[in-house]
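Step one of this worksheet: look at the structure below.
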Amino acid sequence: MPELPEVEVVRRGIADHVVGRTFSHVALHGSRVARRHVPGPDDLAARLAGRTVLAADRRGKYLWLALDGAEALVVHLGMSGQMLVEDPSAERRPHQHATFTFDDAGTQLRFVDQRTFGGLALVDLVPDPRGGGYVHGIPESVTHIAVDPLEDVFDARAVARLMRASRSGVKRLLLHQGVVSGIGNIYADESLWRARLHGERPAAAVTGPAIERLLAHVQDVMRAALEAGGTSFDALYVNVNGQSGYFDRSLDAYGQEGRPCARCGTPIRRETFMNRSSFSCPRCQPRPRVRRAAPTPTG
DNA sequence: CTATTCACCTGGGTGC
DNA sequence: TGCACCCAGGTGAATA
């Protein structure tokens with residue numbers, strides 16, 4: 001599943017191939033891929049033709065191509081989206097929703113997405129209200145997304161303060177893209193394991209320094225995953241050349257149900273949380289004590 | 001206002 | 001072999 005490190009691998013791959021090139025023709029296959037582009041798919045395809053790519057940028061899990069004319073092609077990979085750089089003569093792939101052809105007759109850019117949770121939109125570029133180092137600004141539709149842990153302007157103390165002001169548990173907050181962006185289920189579980197915190201611990205009951213340590217683990221695990229080319233369990237996540245990352249070999253918690261904890265040997269448990277799975281060590285990450293709002297009447 | 005739940009989507013896996 | 005069902009999960013609209 002593409003979380004920040006996987007999207008960053010894709011961004012780098014795209015940047016190498018498309019920055020400085022000009023679209024000659026964009027074909028959208030079906031209308032769903034452009035459902036977030038309000039004027040519709042025909043408008044999107046028409047307005048992309050002739051535009052030059054100035055940069056490939058990213059915040060959290062949002063990826064965009066900054067274009068001339070102060071607009072950006074925003075790409076969200078959803079759960080299964082891929083951006084592939086391929087020869088125009090290559091056969092069209094199953095679930096290929098968009099084909100970007102350039103005026104130099106070189107490689108094509110293709111958007112492939114099996115589950116179609118991802119999508120494309122053309123959005124105005126505006127100054128970043130959060131002060132990130134984006135030369136071309138950020139898409140207006142990304143302004144509600146928080147700074148991600150790998151940005152220079154990431155402020156762990158500020159995020160810890162925000163988290164501790166909430167009544168939610170730490171995992172729910174890690175997954176909230178308006179608090180800190182780029183974290184999904186995999187890196188949330190990995191960071192919580194490293195920090196020895198159960199995800200359902202109320203953030204308000206964790207000390208500020210402990211939250212900051214948790215966020216430092218988020219940064220560490222994401223940097224390590226990036227170095228390994230990202231995490232993938234199957235062919236759904238691939239880089240622009242169709243290759244898989246291998247960080248899944250380094251996971252300590254996520255997907256490790258029944259395997260011994262690398263610290264203490266206790267079998268990793270799987271719990272249901274927010275209609276998803278959470279993986280943790282029962283010994284290193286004890287569940288929080290259940291707190292009652294009021295004493296239970298006894299008879 | 002905040003917090004939580006649910007719809008969206010498809011292929012691979014499993015149980016009968 | 002077939003078929004029903006479950007599961008993965010990021011996002012944002014809907015709901016409490």
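By order of appearance in the structure tokens: chains A, B, ..., then residues from 1 within every chain, and ligands from 1 in the order shown.
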
Enumerate the residues of range 75-261 of chain A with a DSSP assignment of strand (DSSP E or B), computed from the backbone, and present them as number ranges by chain.
A: 75-76, 81-86, 96-102, 108-113, 119-126, 138-139, 169, 202, 260

Chain A residues within 10 Å of chain C, counting only C-alpha atoms (C1' of nucleotides): which ones, as a PyMOL selection string?
chain A and resi 1-3+61+76-80+117-118+175+177+184-185+275-277

Just-selected residues, N, CA and C atoms written as a PDB file, in the first residue's frame:
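To be explicit, this is the file written out as out_29.pdb:
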ATOM      1  N   MET A   1       0.852  -1.190   0.000  1.00  0.00           N
ATOM      2  CA  MET A   1       0.000   0.000   0.000  1.00  0.00           C
ATOM      3  C   MET A   1       0.891   1.245   0.000  1.00  0.00           C
ATOM      4  N   PRO A   2       0.641   2.150  -0.886  1.00  0.00           N
ATOM      5  CA  PRO A   2       1.506   3.313  -0.938  1.00  0.00           C
ATOM      6  C   PRO A   2       1.288   4.275   0.219  1.00  0.00           C
ATOM      7  N   GLU A   3       2.267   4.364   1.094  1.00  0.00           N
ATOM      8  CA  GLU A   3       2.313   5.404   2.115  1.00  0.00           C
ATOM      9  C   GLU A   3       3.456   6.336   1.704  1.00  0.00           C
ATOM     10  N   LYS A  61       1.012  11.653   1.245  1.00  0.00           N
ATOM     11  CA  LYS A  61       0.739  10.680   0.187  1.00  0.00           C
ATOM     12  C   LYS A  61       0.262  11.347  -1.091  1.00  0.00           C
ATOM     13  N   HIS A  76      -3.246  11.004  -6.732  1.00  0.00           N
ATOM     14  CA  HIS A  76      -3.279  10.215  -5.503  1.00  0.00           C
ATOM     15  C   HIS A  76      -3.334   8.752  -5.882  1.00  0.00           C
ATOM     16  N   LEU A  77      -2.441   7.955  -5.305  1.00  0.00           N
ATOM     17  CA  LEU A  77      -2.346   6.548  -5.703  1.00  0.00           C
ATOM     18  C   LEU A  77      -3.388   5.682  -5.010  1.00  0.00           C
ATOM     19  N   GLY A  78      -4.074   6.246  -4.007  1.00  0.00           N
ATOM     20  CA  GLY A  78      -5.066   5.442  -3.296  1.00  0.00           C
ATOM     21  C   GLY A  78      -4.401   4.219  -2.689  1.00  0.00           C
ATOM     22  N   MET A  79      -4.977   3.054  -2.906  1.00  0.00           N
ATOM     23  CA  MET A  79      -4.410   1.832  -2.353  1.00  0.00           C
ATOM     24  C   MET A  79      -3.579   1.071  -3.340  1.00  0.00           C
ATOM     25  N   SER A  80      -3.869   1.244  -4.608  1.00  0.00           N
ATOM     26  CA  SER A  80      -3.254   0.355  -5.600  1.00  0.00           C
ATOM     27  C   SER A  80      -2.772   1.102  -6.837  1.00  0.00           C
ATOM     28  N   PHE A 117      -9.121   3.543  -6.131  1.00  0.00           N
ATOM     29  CA  PHE A 117      -9.294   4.494  -5.034  1.00  0.00           C
ATOM     30  C   PHE A 117      -8.513   5.769  -5.330  1.00  0.00           C
ATOM     31  N   GLY A 118      -7.566   5.653  -6.233  1.00  0.00           N
ATOM     32  CA  GLY A 118      -6.742   6.798  -6.585  1.00  0.00           C
ATOM     33  C   GLY A 118      -7.409   7.655  -7.641  1.00  0.00           C
ATOM     34  N   LEU A 175      -2.738   8.373  11.958  1.00  0.00           N
ATOM     35  CA  LEU A 175      -3.354   8.128  10.649  1.00  0.00           C
ATOM     36  C   LEU A 175      -4.120   9.343  10.132  1.00  0.00           C
ATOM     37  N   GLN A 177      -4.456  12.626   8.506  1.00  0.00           N
ATOM     38  CA  GLN A 177      -3.571  13.358   7.600  1.00  0.00           C
ATOM     39  C   GLN A 177      -3.562  14.865   7.864  1.00  0.00           C
ATOM     40  N   GLY A 184       0.342   5.582   7.016  1.00  0.00           N
ATOM     41  CA  GLY A 184      -0.769   4.641   6.842  1.00  0.00           C
ATOM     42  C   GLY A 184      -0.635   3.526   7.854  1.00  0.00           C
ATOM     43  N   ASN A 185      -1.394   2.462   7.655  1.00  0.00           N
ATOM     44  CA  ASN A 185      -1.465   1.399   8.654  1.00  0.00           C
ATOM     45  C   ASN A 185      -0.110   0.726   8.905  1.00  0.00           C
ATOM     46  N   ASN A 275     -12.053  -1.061  11.739  1.00  0.00           N
ATOM     47  CA  ASN A 275     -12.346  -1.955  10.623  1.00  0.00           C
ATOM     48  C   ASN A 275     -11.097  -2.371   9.842  1.00  0.00           C
ATOM     49  N   ARG A 276      -9.949  -2.308  10.491  1.00  0.00           N
ATOM     50  CA  ARG A 276      -8.698  -2.727   9.878  1.00  0.00           C
ATOM     51  C   ARG A 276      -7.965  -3.610  10.880  1.00  0.00           C
ATOM     52  N   SER A 277      -6.751  -3.985  10.554  1.00  0.00           N
ATOM     53  CA  SER A 277      -5.960  -4.783  11.469  1.00  0.00           C
ATOM     54  C   SER A 277      -4.860  -3.926  12.093  1.00  0.00           C
TER      55      SER A 277
END

Nearby residues (only C-alpha atoms (C1' of nucleotides)) at most 8 Å from range 129-133 of chain A, same-chain spacing under 2 positions excluded, as a compact mmCIF listing (two decimals) with N, CA, C and O atoms, in the first residue's frame:
# COMPACT_ATOMS: atom_id res chain seq x y z
N PRO A 127 0.34 29.49 -2.66
CA PRO A 127 1.45 29.48 -1.68
C PRO A 127 1.13 28.50 -0.56
O PRO A 127 -0.03 28.39 -0.13
N VAL A 135 8.91 25.38 -4.26
CA VAL A 135 9.22 26.50 -5.14
C VAL A 135 7.99 26.94 -5.95
O VAL A 135 7.76 28.13 -6.15
N THR A 143 -4.02 21.81 0.58
CA THR A 143 -3.73 22.73 1.68
C THR A 143 -4.23 22.22 3.04
O THR A 143 -3.77 22.68 4.07
N ALA A 146 -1.49 18.03 6.46
CA ALA A 146 -0.44 18.50 7.36
C ALA A 146 0.95 18.27 6.77
O ALA A 146 1.13 17.47 5.85
N VAL A 147 1.94 18.97 7.31
CA VAL A 147 3.35 18.75 6.96
C VAL A 147 3.69 17.28 7.24
O VAL A 147 3.23 16.71 8.23
N GLU A 151 9.63 16.45 5.90
CA GLU A 151 9.84 17.83 5.46
C GLU A 151 10.74 18.57 6.46
O GLU A 151 10.70 18.31 7.67
N ASP A 152 11.50 19.54 5.95
CA ASP A 152 12.36 20.35 6.81
C ASP A 152 11.55 21.10 7.86
O ASP A 152 12.02 21.32 8.98
N VAL A 153 10.34 21.52 7.50
CA VAL A 153 9.54 22.34 8.43
C VAL A 153 8.72 21.50 9.40
O VAL A 153 7.94 22.05 10.18

Can you work out which residues from chain B touch chain A at a cut-off of 9 Å (counting only C-alpha atoms (C1' of nucleotides)) and hand them back as a PyMOL selection string?
chain B and resi 3+5+8-11

Could you save those same residues with all heavy atoms as a tab-separated table (two decimals), in the first residue's frame?
chain	number	residue	atom	x	y	z
B	3	DA	P	-11.65	15.73	18.65
B	3	DA	OP1	-10.92	15.53	19.91
B	3	DA	OP2	-10.93	16.03	17.39
B	3	DA	O5'	-12.57	14.46	18.38
B	3	DA	C5'	-13.51	14.08	19.37
B	3	DA	C4'	-14.30	12.89	18.88
B	3	DA	O4'	-15.23	13.32	17.86
B	3	DA	C3'	-13.45	11.78	18.26
B	3	DA	O3'	-13.82	10.55	18.87
B	3	DA	C2'	-13.78	11.83	16.77
B	3	DA	C1'	-15.19	12.41	16.77
B	3	DA	N9	-15.53	13.18	15.57
B	3	DA	C8	-14.82	14.22	15.01
B	3	DA	N7	-15.38	14.73	13.95
B	3	DA	C5	-16.55	13.99	13.79
B	3	DA	C6	-17.58	14.05	12.84
B	3	DA	N6	-17.61	14.92	11.83
B	3	DA	N1	-18.60	13.16	12.97
B	3	DA	C2	-18.57	12.29	13.98
B	3	DA	N3	-17.65	12.15	14.93
B	3	DA	C4	-16.66	13.04	14.79
B	5	DT	P	-16.45	4.19	15.44
B	5	DT	OP1	-17.06	3.18	16.32
B	5	DT	OP2	-15.03	4.09	15.06
B	5	DT	O5'	-17.33	4.29	14.11
B	5	DT	C5'	-18.70	4.66	14.25
B	5	DT	C4'	-19.34	4.70	12.88
B	5	DT	O4'	-18.85	5.82	12.13
B	5	DT	C3'	-19.09	3.45	12.02
B	5	DT	O3'	-20.32	3.07	11.44
B	5	DT	C2'	-18.07	3.95	10.98
B	5	DT	C1'	-18.46	5.40	10.83
B	5	DT	N1	-17.39	6.33	10.40
B	5	DT	C2	-17.66	7.24	9.40
B	5	DT	O2	-18.73	7.28	8.83
B	5	DT	N3	-16.63	8.08	9.08
B	5	DT	C4	-15.37	8.12	9.66
B	5	DT	O4	-14.54	8.92	9.29
B	5	DT	C5	-15.15	7.14	10.70
B	5	DT	C7	-13.82	7.09	11.39
B	5	DT	C6	-16.15	6.31	11.02
B	8	DC	P	-21.40	2.92	-2.40
B	8	DC	OP1	-22.33	3.67	-3.26
B	8	DC	OP2	-21.65	1.50	-2.05
B	8	DC	O5'	-19.94	3.00	-3.03
B	8	DC	C5'	-19.42	4.28	-3.42
B	8	DC	C4'	-17.93	4.19	-3.57
B	8	DC	O4'	-17.33	3.97	-2.29
B	8	DC	C3'	-17.45	3.01	-4.43
B	8	DC	O3'	-17.15	3.48	-5.73
B	8	DC	C2'	-16.17	2.53	-3.72
B	8	DC	C1'	-16.02	3.48	-2.54
B	8	DC	N1	-15.50	2.85	-1.30
B	8	DC	C2	-14.40	3.44	-0.68
B	8	DC	O2	-13.90	4.46	-1.18
B	8	DC	N3	-13.90	2.88	0.43
B	8	DC	C4	-14.47	1.79	0.94
B	8	DC	N4	-13.95	1.28	2.04
B	8	DC	C5	-15.60	1.19	0.33
B	8	DC	C6	-16.08	1.75	-0.78
B	9	DC	P	-17.55	2.53	-6.95
B	9	DC	OP1	-17.40	3.36	-8.16
B	9	DC	OP2	-18.79	1.81	-6.69
B	9	DC	O5'	-16.37	1.45	-6.92
B	9	DC	C5'	-15.07	1.82	-7.34
B	9	DC	C4'	-14.10	0.72	-7.04
B	9	DC	O4'	-13.95	0.56	-5.63
B	9	DC	C3'	-14.51	-0.66	-7.52
B	9	DC	O3'	-13.99	-0.84	-8.83
B	9	DC	C2'	-13.88	-1.62	-6.51
B	9	DC	C1'	-13.38	-0.70	-5.40
B	9	DC	N1	-13.75	-1.12	-4.02
B	9	DC	C2	-12.74	-1.43	-3.12
B	9	DC	O2	-11.57	-1.39	-3.49
B	9	DC	N3	-13.08	-1.79	-1.87
B	9	DC	C4	-14.37	-1.83	-1.50
B	9	DC	N4	-14.65	-2.17	-0.25
B	9	DC	C5	-15.41	-1.49	-2.41
B	9	DC	C6	-15.06	-1.15	-3.66
B	10	DT	P	-14.46	-2.10	-9.68
B	10	DT	OP1	-14.31	-1.73	-11.09
B	10	DT	OP2	-15.73	-2.61	-9.16
B	10	DT	O5'	-13.33	-3.17	-9.33
B	10	DT	C5'	-11.97	-2.89	-9.59
B	10	DT	C4'	-11.12	-3.98	-9.02
B	10	DT	O4'	-11.24	-3.99	-7.59
B	10	DT	C3'	-11.51	-5.39	-9.50
B	10	DT	O3'	-10.33	-6.05	-9.86
B	10	DT	C2'	-12.15	-6.02	-8.28
B	10	DT	C1'	-11.39	-5.32	-7.15
B	10	DT	N1	-12.09	-5.28	-5.85
B	10	DT	C2	-11.33	-5.41	-4.70
B	10	DT	O2	-10.12	-5.56	-4.70
B	10	DT	N3	-12.05	-5.33	-3.53
B	10	DT	C4	-13.41	-5.16	-3.40
B	10	DT	O4	-13.93	-5.12	-2.30
B	10	DT	C5	-14.14	-5.03	-4.64
B	10	DT	C7	-15.62	-4.83	-4.61
B	10	DT	C6	-13.45	-5.09	-5.79
B	11	DG	P	-10.37	-7.24	-10.92
B	11	DG	OP1	-9.84	-6.74	-12.19
B	11	DG	OP2	-11.66	-7.93	-10.86
B	11	DG	O5'	-9.26	-8.19	-10.29
B	11	DG	C5'	-8.01	-7.63	-9.94
B	11	DG	C4'	-7.39	-8.46	-8.84
B	11	DG	O4'	-8.14	-8.27	-7.60
B	11	DG	C3'	-7.40	-9.96	-9.09
B	11	DG	O3'	-6.21	-10.49	-8.54
B	11	DG	C2'	-8.62	-10.45	-8.34
B	11	DG	C1'	-8.57	-9.53	-7.12
B	11	DG	N9	-9.84	-9.31	-6.44
B	11	DG	C8	-11.09	-9.21	-7.00
B	11	DG	N7	-12.03	-8.98	-6.12
B	11	DG	C5	-11.37	-8.94	-4.91
B	11	DG	C6	-11.87	-8.73	-3.61
B	11	DG	O6	-13.02	-8.53	-3.25
B	11	DG	N1	-10.84	-8.76	-2.66
B	11	DG	C2	-9.51	-8.97	-2.94
B	11	DG	N2	-8.68	-8.97	-1.92
B	11	DG	N3	-9.05	-9.17	-4.17
B	11	DG	C4	-10.02	-9.14	-5.10

Top pick for closest residue to Gly106 in chain A, considering A:Arg172, A:Arg58, A:Arg21, A:His29 and counting only C-alpha atoms
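Ranking A:Arg172, A:Arg58, A:Arg21, A:His29 by distance to Gly106 in chain A, first place goes to A:Arg21.
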
Find the residues near Pro209 in chain A: any atom within 12 Å, counting only C-alpha atoms (C1' of nucleotides), skip ones fewer than 2 places away on the same chain, and give them as a list in words.
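Listed by chain and then number, they are Ala156, Arg157, Ala158, Val159, Ala160, Arg161, Arg164, Ala195, Ala203, Ala205, Val206, Thr207, Ile211, Glu212, Arg213, Leu214, Leu215 and Ala216 of chain A.
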
Range 98-185 of chain A: which residues are alpha helix (DSSP H) by DSSP, as a VMD selection string?
chain A and resid 156 to 164 170 to 174 185

Contacts of range 10-16 of chain A within 9 Å, only C-alpha atoms (C1' of nucleotides), excl. fewer than 2 positions in-chain, as a ChimeraX atom specification
/A:5-8,18-19,55-58,63-65,82-85,109,238-241

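Note that CA of Gly199 in chain A and CA of Met222 in chain A are 17.9 Å apart.
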
Need the shell around Ala98 in chain A: protein/DNA/RNA residues with any atom at most 6 Å away, counting only C-alpha atoms (C1' of nucleotides). Skip same-chain ones fewer than 3 positions apart. Format as number ranges by chain?
A: 27-29, 110-111

Selection from above, N, CA and C atoms, as a PDB file, in the first residue's frame, can you write it?
ATOM      1  N   ALA A  27      -4.783  10.876 -22.615  1.00  0.00           N
ATOM      2  CA  ALA A  27      -6.008  10.089 -22.801  1.00  0.00           C
ATOM      3  C   ALA A  27      -6.442   9.540 -21.452  1.00  0.00           C
ATOM      4  N   LEU A  28      -7.703   9.797 -21.102  1.00  0.00           N
ATOM      5  CA  LEU A  28      -8.262   9.232 -19.873  1.00  0.00           C
ATOM      6  C   LEU A  28      -9.212   8.114 -20.275  1.00  0.00           C
ATOM      7  N   HIS A  29      -9.004   6.947 -19.678  1.00  0.00           N
ATOM      8  CA  HIS A  29      -9.802   5.781 -20.032  1.00  0.00           C
ATOM      9  C   HIS A  29     -10.847   5.583 -18.950  1.00  0.00           C
ATOM     10  N   ARG A 110       2.058   6.419 -17.490  1.00  0.00           N
ATOM     11  CA  ARG A 110       0.764   5.727 -17.424  1.00  0.00           C
ATOM     12  C   ARG A 110       0.288   5.623 -15.973  1.00  0.00           C
ATOM     13  N   PHE A 111      -0.999   5.851 -15.774  1.00  0.00           N
ATOM     14  CA  PHE A 111      -1.596   5.681 -14.449  1.00  0.00           C
ATOM     15  C   PHE A 111      -2.417   4.398 -14.459  1.00  0.00           C
TER      16      PHE A 111
END

Counting only C-alpha atoms, closest pick from A:Leu120, A:Leu226, A:Cys261, A:Leu48 relative to Thr101 in chain A is A:Leu48
